[in-house]
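Comments concern the structure below.
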There are 2 protein chains.
Amino acid sequence: MALSHAILVSLLDRPQAGYDLAKLFDKTVGQFWRASHQQIYGELHKLAAKNFVEAETIEQSDRPNKIVYSLTPLGRDALDEWMAQPTAPPSIKEDLIVKLFSSGKIGASVLLDNLAQRQQLARTRLAEWEAVRDEFYPDTTKLTPRQTGRYLGLQSGITSELRFLSWCEEAILLLTPIAEKEAAAKA
Amino acid sequence: MALSHAILVSLLDRPQAGYDLAKLFDKTVGQFWRASHQQIYGELHKLAAKNFVEAETIEQSDRPNKIVYSLTPLGRDALDEWMAQPTAPPSIKEDLIVKLFSSGKIGASVLLDNLAQRQQLARTRLAEWEAVRDEFYPDTTKLTPRQTGRYLGLQSGITSELRFLSWCEEAILLLTPIAEKEAAAKA
DNA sequence: AGGCTCATGTAAACGGTTACATGATTAC
DNA sequence: GTAATCATGTAACCGTTTACATGAGCCT
């Protein structure tokens with residue numbers, strides 16, 4: 001599991017409340033790491049029980065109280081240990097490829113519809129991320145260490161979408177004649 | 001959920017036992033869709049309860065009996081319905097990127113170690129898949145519909161590793177000077 | 001003698017998603 | 001008035017992983 005580690009890394013930056021972390025995971029990091037607020041609150045309780053984080057309640061008059069968590073030395077040790085360990089490649093569960101395995105048994109036009117839809121989605125996402133990159137990291141030769149990590153995260157998403165789009169093109173290219181033959185056979 | 005659908009697609013081809021499916025998911029499809037035998041047996045029971053698949057026990061003298069499952073018309077309908085629906089992009093949980101977000105707070109050399117290890121792994125996988133592609137699909141202009149689906153699955157894995165490797169190179173390029181500065185500051 | 005393949009399962013624990021719950025403030 | 005923001009939580013369910021279990025036959 002690594003949601004707990006993602007939280008610890010976020011707390012390296014500064015102490016934060018569950019609500020802040022949830023927003024962070026929704027916006028910045030959310031493209032590569034999604035987590036709901038329920039999950040984050042739960043994880044924070046577990047981390048506090050292990051003494052990896054420390055909770056401090058901040059009373060607020062006009063809005064609900066905050067519980068701000070900060071990293072303890074013990075949590076920092078655990079984080080260092082995790083950092084040193086090798087990571088496993090993420091296991092992808094790509095429905096599209098499962099569908100492609102039906103090719104030859106189920107009509108190709110359905111597959112083309114699916115591809116077009118995902119292609120559209122990927123184009124939108126790509127444009128959004130590229131806009132962020134161009135705004136915040138226009139010059140990659142002048143990045144602070146902190147910016148470098150964030151830039152590479154973004155870049156991972158961008159290159160991922162780009163390769164998906166070129167794969168889509170190949171898929172469409174190969175499936176289109178099959179769909180055409182099927183349509184001709186039906187008529 | 002789509003493990004059930006992955007099973008239904010596999011049964012389109014021919015009736016199969018849980019053991020066969022587990023092997024299939026371990027070897028062929030396993031690169032993009034991993035599932036343990038426990039999961040598959042469980043899922044088959046659920047599919048049978050819904051009458052999406054039909055079980056037939058095949059008595060064997062020298063080895064354990066087999067339970068071979070085949071797709072029912074009802075299962076085929078469910079599959080067609082799923083096929084027509086749009087797919088959601090897979091949510092990636094990439095530990096490496098979480099680690100990169102620590103850049104600026106935790107030493108870069110640990111990140112470089114992690115990158116090198118994943119790079120090595122990706123190279124090995126890539127070589128394996130390329131070997132399969134070159135053996136079974138040397139000429140992409142002469143593919144049957146069935147082969148096309150399988151080829152595109154493979155190709156997705158291959159392009160995915162390729163883009164990961166080029167991303168790794170950029171990451172190493174940007175992090176190396178940071179690690180060097182850190183080492184110099186320490187000495 | 002030790003380990004692999006064939007073949008099926010149970011059970012516990014963990015992780016993630018979805019739904020439900022509360023309640024004040026602020027913006028349109 | 002309606003919706004969004006701030007802020008925290010509980011509960012049920014589903015999917016996945018890991019561990020445990022059995023037992024015959026085959027290969028080295």
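Just remember, in the structure tokens the first chain shown is A, the second B, etc., residues are 1-based per chain, and ligands are 1-based in the order shown.
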Return the neighbours of chain D among the residues of chain B, cut-off 12 Å, counting only C-alpha atoms (C1' of nucleotides), as a list in words.
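My answer is Met1, Ala2, Leu3, Ser4, Arg34, Ala35, Ser36, His37, Gln38, Gln39, Ile40, Gly42, Glu43, Gln60, Ser61, Asp62, Arg63, Pro64 and Asn65 of chain B.
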Closest atom pairs, residues of chain C within 9 Å of chain B, only C-alpha atoms (C1' of nucleotides), as JSON lines:
```
{"residue": "C:DC6", "atom": "C1'", "partner": "B:Arg63", "partner_atom": "CA", "distance": 6.5}
{"residue": "C:DA7", "atom": "C1'", "partner": "B:Pro64", "partner_atom": "CA", "distance": 5.3}
{"residue": "C:DT8", "atom": "C1'", "partner": "B:Tyr41", "partner_atom": "CA", "distance": 8.2}
{"residue": "C:DG9", "atom": "C1'", "partner": "B:Gln38", "partner_atom": "CA", "distance": 7.9}
```
Next, the residues of the selection above should be written as a JSON list (two decimals), in the first residue's frame with C-alpha atoms (C1' of nucleotides).
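After the write, result_1.json holds the following:
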```
[["chain", "number", "residue", "atom", "x", "y", "z"],
["C", 6, "DC", "C1'", -2.76, -30.46, -12.51],
["C", 7, "DA", "C1'", -7.06, -28.89, -10.23],
["C", 8, "DT", "C1'", -10.05, -26.83, -6.95],
["C", 9, "DG", "C1'", -11.17, -24.47, -3.15]]
```
Alpha helix (DSSP H) per DSSP on the backbone: members of chain A, as an MDAnalysis selection string
chainID A and resid 3:13 18:26 37:49 73:84 95:100 108:136 145:186
If we count only C-alpha atoms, which residues of chain A reach to within 7 Å of chain B? Please list them as a ChimeraX atom specification.
/A:2,6,9,32-33,83-84,86-87,90,92-104,110,114,117,145-146,149-150,152-153,156,159,163,167,171,178
